[in-house]
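Student: One file is attached below, input.pdb, containing PDB, N, CA and C atoms.
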```
ATOM      1  N   MET J 269      -4.857 -15.885  -2.467  1.00  0.00           N
ATOM      2  CA  MET J 269      -5.357 -15.243  -1.265  1.00  0.00           C
ATOM      3  C   MET J 269      -5.812 -13.838  -1.612  1.00  0.00           C
ATOM      4  N   LYS J 270      -6.704 -13.315  -0.791  1.00  0.00           N
ATOM      5  CA  LYS J 270      -7.179 -11.942  -0.982  1.00  0.00           C
ATOM      6  C   LYS J 270      -6.676 -11.074   0.157  1.00  0.00           C
ATOM      7  N   VAL J 271      -6.177  -9.888  -0.210  1.00  0.00           N
ATOM      8  CA  VAL J 271      -5.810  -8.868   0.769  1.00  0.00           C
ATOM      9  C   VAL J 271      -6.538  -7.590   0.376  1.00  0.00           C
ATOM     10  N   TYR J 272      -6.627  -6.676   1.316  1.00  0.00           N
ATOM     11  CA  TYR J 272      -7.366  -5.433   1.096  1.00  0.00           C
ATOM     12  C   TYR J 272      -6.403  -4.272   1.268  1.00  0.00           C
ATOM     13  N   VAL J 273      -6.296  -3.441   0.244  1.00  0.00           N
ATOM     14  CA  VAL J 273      -5.275  -2.399   0.195  1.00  0.00           C
ATOM     15  C   VAL J 273      -5.920  -1.028   0.132  1.00  0.00           C
ATOM     16  N   LYS J 274      -5.486  -0.159   1.025  1.00  0.00           N
ATOM     17  CA  LYS J 274      -5.936   1.230   1.007  1.00  0.00           C
ATOM     18  C   LYS J 274      -4.742   2.098   0.623  1.00  0.00           C
ATOM     19  N   LEU J 275      -4.951   2.941  -0.366  1.00  0.00           N
ATOM     20  CA  LEU J 275      -3.911   3.846  -0.849  1.00  0.00           C
ATOM     21  C   LEU J 275      -4.111   5.215  -0.215  1.00  0.00           C
ATOM     22  N   TYR J 276      -3.017   5.826   0.213  1.00  0.00           N
ATOM     23  CA  TYR J 276      -3.091   7.115   0.891  1.00  0.00           C
ATOM     24  C   TYR J 276      -2.361   8.196   0.108  1.00  0.00           C
ATOM     25  N   ALA J 277      -2.796   9.433   0.352  1.00  0.00           N
ATOM     26  CA  ALA J 277      -2.167  10.645  -0.202  1.00  0.00           C
ATOM     27  C   ALA J 277      -2.055  10.533  -1.725  1.00  0.00           C
ATOM     28  N   LEU J 278      -0.879  10.799  -2.259  1.00  0.00           N
ATOM     29  CA  LEU J 278      -0.697  10.828  -3.717  1.00  0.00           C
ATOM     30  C   LEU J 278      -0.898   9.473  -4.386  1.00  0.00           C
ATOM     31  N   LEU J 279      -0.820   8.396  -3.624  1.00  0.00           N
ATOM     32  CA  LEU J 279      -1.031   7.072  -4.214  1.00  0.00           C
ATOM     33  C   LEU J 279      -2.485   6.859  -4.640  1.00  0.00           C
ATOM     34  N   ARG J 280      -3.398   7.634  -4.076  1.00  0.00           N
ATOM     35  CA  ARG J 280      -4.819   7.464  -4.411  1.00  0.00           C
ATOM     36  C   ARG J 280      -5.110   7.659  -5.892  1.00  0.00           C
ATOM     37  N   LYS J 281      -4.281   8.429  -6.573  1.00  0.00           N
ATOM     38  CA  LYS J 281      -4.537   8.635  -8.006  1.00  0.00           C
ATOM     39  C   LYS J 281      -4.376   7.338  -8.800  1.00  0.00           C
ATOM     40  N   HIS J 282      -3.762   6.322  -8.195  1.00  0.00           N
ATOM     41  CA  HIS J 282      -3.597   5.021  -8.849  1.00  0.00           C
ATOM     42  C   HIS J 282      -4.759   4.078  -8.554  1.00  0.00           C
ATOM     43  N   HIS J 283      -5.712   4.523  -7.746  1.00  0.00           N
ATOM     44  CA  HIS J 283      -6.893   3.712  -7.416  1.00  0.00           C
ATOM     45  C   HIS J 283      -7.797   3.679  -8.648  1.00  0.00           C
ATOM     46  N   PRO J 284      -8.176   2.486  -9.111  1.00  0.00           N
ATOM     47  CA  PRO J 284      -8.967   2.401 -10.342  1.00  0.00           C
ATOM     48  C   PRO J 284     -10.447   2.743 -10.186  1.00  0.00           C
ATOM     49  N   GLY J 285     -10.955   2.770  -8.970  1.00  0.00           N
ATOM     50  CA  GLY J 285     -12.387   2.986  -8.782  1.00  0.00           C
ATOM     51  C   GLY J 285     -12.762   4.434  -8.588  1.00  0.00           C
ATOM     52  N   PRO J 286     -14.064   4.726  -8.632  1.00  0.00           N
ATOM     53  CA  PRO J 286     -14.533   6.098  -8.458  1.00  0.00           C
ATOM     54  C   PRO J 286     -14.421   6.585  -7.013  1.00  0.00           C
ATOM     55  N   ASN J 287     -14.521   5.675  -6.036  1.00  0.00           N
ATOM     56  CA  ASN J 287     -14.404   6.059  -4.628  1.00  0.00           C
ATOM     57  C   ASN J 287     -13.040   5.608  -4.123  1.00  0.00           C
ATOM     58  N   ARG J 288     -12.091   6.503  -4.156  1.00  0.00           N
ATOM     59  CA  ARG J 288     -10.705   6.157  -3.847  1.00  0.00           C
ATOM     60  C   ARG J 288     -10.438   5.894  -2.373  1.00  0.00           C
ATOM     61  N   SER J 289     -11.436   6.101  -1.525  1.00  0.00           N
ATOM     62  CA  SER J 289     -11.238   5.827  -0.101  1.00  0.00           C
ATOM     63  C   SER J 289     -11.598   4.383   0.264  1.00  0.00           C
ATOM     64  N   ILE J 290     -12.193   3.652  -0.671  1.00  0.00           N
ATOM     65  CA  ILE J 290     -12.551   2.255  -0.424  1.00  0.00           C
ATOM     66  C   ILE J 290     -11.331   1.373  -0.693  1.00  0.00           C
ATOM     67  N   PRO J 291     -11.006   0.463   0.238  1.00  0.00           N
ATOM     68  CA  PRO J 291      -9.870  -0.438  -0.001  1.00  0.00           C
ATOM     69  C   PRO J 291     -10.086  -1.303  -1.244  1.00  0.00           C
ATOM     70  N   LEU J 292      -8.985  -1.595  -1.905  1.00  0.00           N
ATOM     71  CA  LEU J 292      -9.008  -2.465  -3.077  1.00  0.00           C
ATOM     72  C   LEU J 292      -8.864  -3.911  -2.632  1.00  0.00           C
ATOM     73  N   GLU J 293      -9.635  -4.793  -3.219  1.00  0.00           N
ATOM     74  CA  GLU J 293      -9.469  -6.222  -2.979  1.00  0.00           C
ATOM     75  C   GLU J 293      -8.487  -6.730  -4.022  1.00  0.00           C
ATOM     76  N   VAL J 294      -7.374  -7.300  -3.560  1.00  0.00           N
ATOM     77  CA  VAL J 294      -6.324  -7.754  -4.473  1.00  0.00           C
ATOM     78  C   VAL J 294      -6.103  -9.247  -4.263  1.00  0.00           C
ATOM     79  N   GLU J 295      -6.122  -9.986  -5.350  1.00  0.00           N
ATOM     80  CA  GLU J 295      -5.865 -11.426  -5.331  1.00  0.00           C
ATOM     81  C   GLU J 295      -4.381 -11.649  -5.619  1.00  0.00           C
ATOM     82  N   LEU J 296      -3.701 -12.363  -4.726  1.00  0.00           N
ATOM     83  CA  LEU J 296      -2.275 -12.654  -4.870  1.00  0.00           C
ATOM     84  C   LEU J 296      -2.036 -14.133  -4.581  1.00  0.00           C
ATOM     85  N   PRO J 297      -0.936 -14.689  -5.103  1.00  0.00           N
ATOM     86  CA  PRO J 297      -0.624 -16.082  -4.774  1.00  0.00           C
ATOM     87  C   PRO J 297      -0.149 -16.201  -3.320  1.00  0.00           C
ATOM     88  N   ASP J 298      -0.320 -17.368  -2.729  1.00  0.00           N
ATOM     89  CA  ASP J 298       0.193 -17.603  -1.384  1.00  0.00           C
ATOM     90  C   ASP J 298       1.689 -17.328  -1.360  1.00  0.00           C
ATOM     91  N   GLY J 299       2.166 -16.735  -0.271  1.00  0.00           N
ATOM     92  CA  GLY J 299       3.582 -16.411  -0.140  1.00  0.00           C
ATOM     93  C   GLY J 299       3.958 -15.060  -0.713  1.00  0.00           C
ATOM     94  N   ALA J 300       2.997 -14.332  -1.270  1.00  0.00           N
ATOM     95  CA  ALA J 300       3.283 -13.008  -1.846  1.00  0.00           C
ATOM     96  C   ALA J 300       3.676 -12.034  -0.736  1.00  0.00           C
ATOM     97  N   THR J 301       4.493 -11.058  -1.114  1.00  0.00           N
ATOM     98  CA  THR J 301       4.928 -10.029  -0.175  1.00  0.00           C
ATOM     99  C   THR J 301       4.299  -8.689  -0.544  1.00  0.00           C
ATOM    100  N   VAL J 302       4.523  -7.713   0.311  1.00  0.00           N
ATOM    101  CA  VAL J 302       4.047  -6.355   0.022  1.00  0.00           C
ATOM    102  C   VAL J 302       4.625  -5.872  -1.304  1.00  0.00           C
ATOM    103  N   ALA J 303       5.875  -6.223  -1.590  1.00  0.00           N
ATOM    104  CA  ALA J 303       6.510  -5.806  -2.847  1.00  0.00           C
ATOM    105  C   ALA J 303       5.729  -6.300  -4.063  1.00  0.00           C
ATOM    106  N   ASP J 304       5.037  -7.418  -3.936  1.00  0.00           N
ATOM    107  CA  ASP J 304       4.238  -7.948  -5.047  1.00  0.00           C
ATOM    108  C   ASP J 304       2.979  -7.127  -5.316  1.00  0.00           C
ATOM    109  N   LEU J 305       2.587  -6.296  -4.369  1.00  0.00           N
ATOM    110  CA  LEU J 305       1.415  -5.444  -4.584  1.00  0.00           C
ATOM    111  C   LEU J 305       1.674  -4.370  -5.637  1.00  0.00           C
ATOM    112  N   GLY J 306       2.910  -3.873  -5.711  1.00  0.00           N
ATOM    113  CA  GLY J 306       3.242  -2.812  -6.668  1.00  0.00           C
ATOM    114  C   GLY J 306       2.843  -3.169  -8.089  1.00  0.00           C
ATOM    115  N   PRO J 307       3.378  -4.275  -8.620  1.00  0.00           N
ATOM    116  CA  PRO J 307       2.989  -4.668  -9.975  1.00  0.00           C
ATOM    117  C   PRO J 307       1.494  -4.972 -10.100  1.00  0.00           C
ATOM    118  N   ALA J 308       0.909  -5.580  -9.078  1.00  0.00           N
ATOM    119  CA  ALA J 308      -0.520  -5.917  -9.137  1.00  0.00           C
ATOM    120  C   ALA J 308      -1.386  -4.666  -9.223  1.00  0.00           C
ATOM    121  N   LEU J 309      -0.911  -3.565  -8.633  1.00  0.00           N
ATOM    122  CA  LEU J 309      -1.674  -2.310  -8.624  1.00  0.00           C
ATOM    123  C   LEU J 309      -1.110  -1.263  -9.582  1.00  0.00           C
ATOM    124  N   HIS J 310      -0.103  -1.646 -10.351  1.00  0.00           N
ATOM    125  CA  HIS J 310       0.554  -0.733 -11.295  1.00  0.00           C
ATOM    126  C   HIS J 310       1.151   0.476 -10.571  1.00  0.00           C
ATOM    127  N   LEU J 311       1.758   0.223  -9.405  1.00  0.00           N
ATOM    128  CA  LEU J 311       2.404   1.282  -8.621  1.00  0.00           C
ATOM    129  C   LEU J 311       3.912   1.215  -8.821  1.00  0.00           C
ATOM    130  N   PRO J 312       4.542   2.308  -9.220  1.00  0.00           N
ATOM    131  CA  PRO J 312       6.002   2.325  -9.274  1.00  0.00           C
ATOM    132  C   PRO J 312       6.560   2.107  -7.863  1.00  0.00           C
ATOM    133  N   PRO J 313       7.541   1.215  -7.689  1.00  0.00           N
ATOM    134  CA  PRO J 313       8.039   0.892  -6.343  1.00  0.00           C
ATOM    135  C   PRO J 313       8.576   2.090  -5.572  1.00  0.00           C
ATOM    136  N   GLU J 314       9.110   3.080  -6.261  1.00  0.00           N
ATOM    137  CA  GLU J 314       9.669   4.249  -5.564  1.00  0.00           C
ATOM    138  C   GLU J 314       8.582   5.125  -4.945  1.00  0.00           C
ATOM    139  N   LEU J 315       7.322   4.894  -5.297  1.00  0.00           N
ATOM    140  CA  LEU J 315       6.232   5.689  -4.729  1.00  0.00           C
ATOM    141  C   LEU J 315       5.727   5.158  -3.390  1.00  0.00           C
ATOM    142  N   VAL J 316       6.093   3.932  -3.041  1.00  0.00           N
ATOM    143  CA  VAL J 316       5.633   3.348  -1.777  1.00  0.00           C
ATOM    144  C   VAL J 316       6.761   3.448  -0.759  1.00  0.00           C
ATOM    145  N   ARG J 317       6.540   4.232   0.275  1.00  0.00           N
ATOM    146  CA  ARG J 317       7.581   4.445   1.281  1.00  0.00           C
ATOM    147  C   ARG J 317       7.239   3.805   2.618  1.00  0.00           C
ATOM    148  N   SER J 318       5.980   3.882   3.029  1.00  0.00           N
ATOM    149  CA  SER J 318       5.574   3.324   4.320  1.00  0.00           C
ATOM    150  C   SER J 318       4.464   2.305   4.113  1.00  0.00           C
ATOM    151  N   VAL J 319       4.537   1.236   4.904  1.00  0.00           N
ATOM    152  CA  VAL J 319       3.582   0.143   4.789  1.00  0.00           C
ATOM    153  C   VAL J 319       3.046  -0.194   6.177  1.00  0.00           C
ATOM    154  N   PHE J 320       1.748  -0.338   6.263  1.00  0.00           N
ATOM    155  CA  PHE J 320       1.123  -0.814   7.494  1.00  0.00           C
ATOM    156  C   PHE J 320       0.274  -2.028   7.145  1.00  0.00           C
ATOM    157  N   ILE J 321       0.439  -3.085   7.925  1.00  0.00           N
ATOM    158  CA  ILE J 321      -0.373  -4.285   7.755  1.00  0.00           C
ATOM    159  C   ILE J 321      -1.111  -4.514   9.064  1.00  0.00           C
ATOM    160  N   ASN J 322      -2.423  -4.517   8.985  1.00  0.00           N
ATOM    161  CA  ASN J 322      -3.251  -4.686  10.182  1.00  0.00           C
ATOM    162  C   ASN J 322      -2.828  -3.705  11.275  1.00  0.00           C
ATOM    163  N   ASN J 323      -2.596  -2.449  10.862  1.00  0.00           N
ATOM    164  CA  ASN J 323      -2.253  -1.327  11.746  1.00  0.00           C
ATOM    165  C   ASN J 323      -0.871  -1.411  12.384  1.00  0.00           C
ATOM    166  N   ALA J 324       0.019  -2.244  11.853  1.00  0.00           N
ATOM    167  CA  ALA J 324       1.389  -2.330  12.358  1.00  0.00           C
ATOM    168  C   ALA J 324       2.358  -1.989  11.230  1.00  0.00           C
ATOM    169  N   ALA J 325       3.371  -1.170  11.522  1.00  0.00           N
ATOM    170  CA  ALA J 325       4.368  -0.793  10.518  1.00  0.00           C
ATOM    171  C   ALA J 325       5.171  -2.027  10.107  1.00  0.00           C
ATOM    172  N   LYS J 326       5.328  -2.202   8.800  1.00  0.00           N
ATOM    173  CA  LYS J 326       6.061  -3.345   8.239  1.00  0.00           C
ATOM    174  C   LYS J 326       6.920  -2.853   7.088  1.00  0.00           C
ATOM    175  N   ASP J 327       7.677  -3.775   6.463  1.00  0.00           N
ATOM    176  CA  ASP J 327       8.456  -3.396   5.283  1.00  0.00           C
ATOM    177  C   ASP J 327       7.945  -4.166   4.070  1.00  0.00           C
ATOM    178  N   VAL J 328       8.501  -3.843   2.900  1.00  0.00           N
ATOM    179  CA  VAL J 328       7.978  -4.410   1.650  1.00  0.00           C
ATOM    180  C   VAL J 328       8.277  -5.896   1.481  1.00  0.00           C
ATOM    181  N   GLN J 329       9.167  -6.455   2.299  1.00  0.00           N
ATOM    182  CA  GLN J 329       9.469  -7.886   2.208  1.00  0.00           C
ATOM    183  C   GLN J 329       8.562  -8.737   3.100  1.00  0.00           C
ATOM    184  N   THR J 330       7.642  -8.105   3.800  1.00  0.00           N
ATOM    185  CA  THR J 330       6.722  -8.826   4.683  1.00  0.00           C
ATOM    186  C   THR J 330       5.781  -9.707   3.868  1.00  0.00           C
ATOM    187  N   VAL J 331       5.675 -10.965   4.266  1.00  0.00           N
ATOM    188  CA  VAL J 331       4.767 -11.903   3.604  1.00  0.00           C
ATOM    189  C   VAL J 331       3.335 -11.581   4.028  1.00  0.00           C
ATOM    190  N   LEU J 332       2.463 -11.538   3.044  1.00  0.00           N
ATOM    191  CA  LEU J 332       1.050 -11.244   3.288  1.00  0.00           C
ATOM    192  C   LEU J 332       0.266 -12.526   3.555  1.00  0.00           C
ATOM    193  N   HIS J 333      -0.869 -12.363   4.253  1.00  0.00           N
ATOM    194  CA  HIS J 333      -1.731 -13.492   4.583  1.00  0.00           C
ATOM    195  C   HIS J 333      -3.170 -13.154   4.215  1.00  0.00           C
ATOM    196  N   GLU J 334      -3.956 -14.189   4.022  1.00  0.00           N
ATOM    197  CA  GLU J 334      -5.364 -14.033   3.673  1.00  0.00           C
ATOM    198  C   GLU J 334      -6.042 -13.019   4.592  1.00  0.00           C
ATOM    199  N   GLY J 335      -6.714 -12.040   3.971  1.00  0.00           N
ATOM    200  CA  GLY J 335      -7.495 -11.066   4.720  1.00  0.00           C
ATOM    201  C   GLY J 335      -6.726  -9.896   5.297  1.00  0.00           C
ATOM    202  N   ASP J 336      -5.403  -9.844   5.079  1.00  0.00           N
ATOM    203  CA  ASP J 336      -4.627  -8.717   5.611  1.00  0.00           C
ATOM    204  C   ASP J 336      -5.183  -7.390   5.112  1.00  0.00           C
ATOM    205  N   GLN J 337      -5.150  -6.394   5.992  1.00  0.00           N
ATOM    206  CA  GLN J 337      -5.521  -5.017   5.661  1.00  0.00           C
ATOM    207  C   GLN J 337      -4.212  -4.249   5.497  1.00  0.00           C
ATOM    208  N   VAL J 338      -3.941  -3.764   4.292  1.00  0.00           N
ATOM    209  CA  VAL J 338      -2.666  -3.121   3.982  1.00  0.00           C
ATOM    210  C   VAL J 338      -2.894  -1.648   3.670  1.00  0.00           C
ATOM    211  N   GLY J 339      -2.091  -0.794   4.274  1.00  0.00           N
ATOM    212  CA  GLY J 339      -2.097   0.633   3.967  1.00  0.00           C
ATOM    213  C   GLY J 339      -0.777   1.007   3.333  1.00  0.00           C
ATOM    214  N   LEU J 340      -0.821   1.657   2.179  1.00  0.00           N
ATOM    215  CA  LEU J 340       0.393   2.078   1.473  1.00  0.00           C
ATOM    216  C   LEU J 340       0.457   3.600   1.438  1.00  0.00           C
ATOM    217  N   PHE J 341       1.625   4.131   1.799  1.00  0.00           N
ATOM    218  CA  PHE J 341       1.835   5.575   1.870  1.00  0.00           C
ATOM    219  C   PHE J 341       3.024   5.975   1.008  1.00  0.00           C
ATOM    220  N   PRO J 342       2.939   7.136   0.350  1.00  0.00           N
ATOM    221  CA  PRO J 342       4.075   7.646  -0.427  1.00  0.00           C
ATOM    222  C   PRO J 342       5.076   8.326   0.508  1.00  0.00           C
ATOM    223  N   PRO J 343       6.236   8.739  -0.029  1.00  0.00           N
ATOM    224  CA  PRO J 343       7.171   9.523   0.785  1.00  0.00           C
ATOM    225  C   PRO J 343       6.487  10.802   1.270  1.00  0.00           C
ATOM    226  N   VAL J 344       6.831  11.220   2.464  1.00  0.00           N
ATOM    227  CA  VAL J 344       6.249  12.427   3.050  1.00  0.00           C
ATOM    228  C   VAL J 344       7.285  13.539   3.004  1.00  0.00           C
ATOM    229  N   VAL J 345       6.856  14.718   2.578  1.00  0.00           N
ATOM    230  CA  VAL J 345       7.738  15.887   2.540  1.00  0.00           C
ATOM    231  C   VAL J 345       7.007  17.063   3.157  1.00  0.00           C
ATOM    232  N   GLY J 346       7.761  18.069   3.476  1.00  0.00           N
ATOM    233  CA  GLY J 346       7.124  19.278   3.987  1.00  0.00           C
ATOM    234  C   GLY J 346       7.535  19.562   5.410  1.00  0.00           C
ATOM    235  N   GLY J 347       6.807  20.447   6.031  1.00  0.00           N
ATOM    236  CA  GLY J 347       7.118  20.839   7.394  1.00  0.00           C
ATOM    237  C   GLY J 347       7.747  22.215   7.409  1.00  0.00           C
ATOM    238  N   THR J 348       8.189  22.596   8.563  1.00  0.00           N
ATOM    239  CA  THR J 348       8.824  23.900   8.704  1.00  0.00           C
ATOM    240  C   THR J 348      10.193  23.733   9.317  1.00  0.00           C
ATOM    241  N   SER J 349      11.029  24.676   9.057  1.00  0.00           N
ATOM    242  CA  SER J 349      12.355  24.669   9.679  1.00  0.00           C
ATOM    243  C   SER J 349      12.387  25.746  10.751  1.00  0.00           C
ATOM    244  N   VAL J 350      13.126  25.479  11.782  1.00  0.00           N
ATOM    245  CA  VAL J 350      13.264  26.430  12.878  1.00  0.00           C
ATOM    246  C   VAL J 350      14.633  27.079  12.770  1.00  0.00           C
ATOM    247  N   PRO J 351      14.687  28.421  12.718  1.00  0.00           N
ATOM    248  CA  PRO J 351      15.999  29.078  12.571  1.00  0.00           C
ATOM    249  C   PRO J 351      16.866  28.925  13.796  1.00  0.00           C
TER     250      PRO J 351
END
```
Can you dump the structure from the file as structure tokens?
Tutor:
Amino acid sequence: MKVYVKLYALLRKHHPGPNRSIPLEVELPDGATVADLGPALHLPPELVRSVFINNAAKDVQTVLHEGDQVGLFPPVVGGTSVP
């Protein structure tokens, strides 16, 4: 099956193409999960913190389906503290 993956923030440096804003087309076996995308894209698992599939928040054990649009986000840090 084919899924389409968009990498966000610091994960974009792992995008193999020249235009890192274009989703990657990834071929996976039927029954593959989000966790299977890491090895397919050479992403260390600790770098993927948030997952969206077809604009809905999911986890890495979610089974993917033909044509799914997947967004992968790294851990988010920063902000301000209020005294």
Student: Would you kindly return, as a list in words, each protein, DNA or RNA residue with an atom no farther than 8 Å from any atom of region 293-300 of chain J, considering only C-alpha atoms and excluding same-chain residues fewer than 4 positions away?
Tutor: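 Contacts, with the query itself left out: Met269, Lys270, Val271, Tyr272, Val273, Asp304, Ala308, Val331, Leu332 and His333 of chain J.
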Student: Provide the CA of Leu279 (chain J) to CA of Thr301 (chain J) distance in Å, to one decimal place.
Tutor: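 Straight-line distance from CA of Leu279 (chain J) to CA of Thr301 (chain J) works out to 18.6 Å.
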Student: By how many Å are atom N of Phe320 (chain J) and CA of Asn287 (chain J) apart?
Tutor: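 Value for the atom N of Phe320 (chain J)-CA of Asn287 (chain J) distance: 20.5 Å.
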Student: Just asking: which residues within chain J are strand (DSSP E or B) according to DSSP, as a PyMOL selection string?
Tutor: chain J and resi 270-275+292-295+301+318-321+324-326+331+337-341
Student: Select, from J:Arg317, J:Leu275, J:Thr330, J:Asn322, the residue with the minimum atom-to-atom distance to Leu292 (chain J), counting only C-alpha atoms.
Tutor: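 Of J:Arg317, J:Leu275, J:Thr330, J:Asn322, the one nearest Leu292 (chain J) is J:Leu275, counting only C-alpha atoms.
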Student: So that I can check the secondary structure, give me every residue of chain J assigned alpha helix (DSSP H) by backbone DSSP, as a list in words.
Tutor: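 So the alpha helix (DSSP H) residues in chain J would be Leu305, Gly306, Pro307, Ala308 and Leu309 of chain J.
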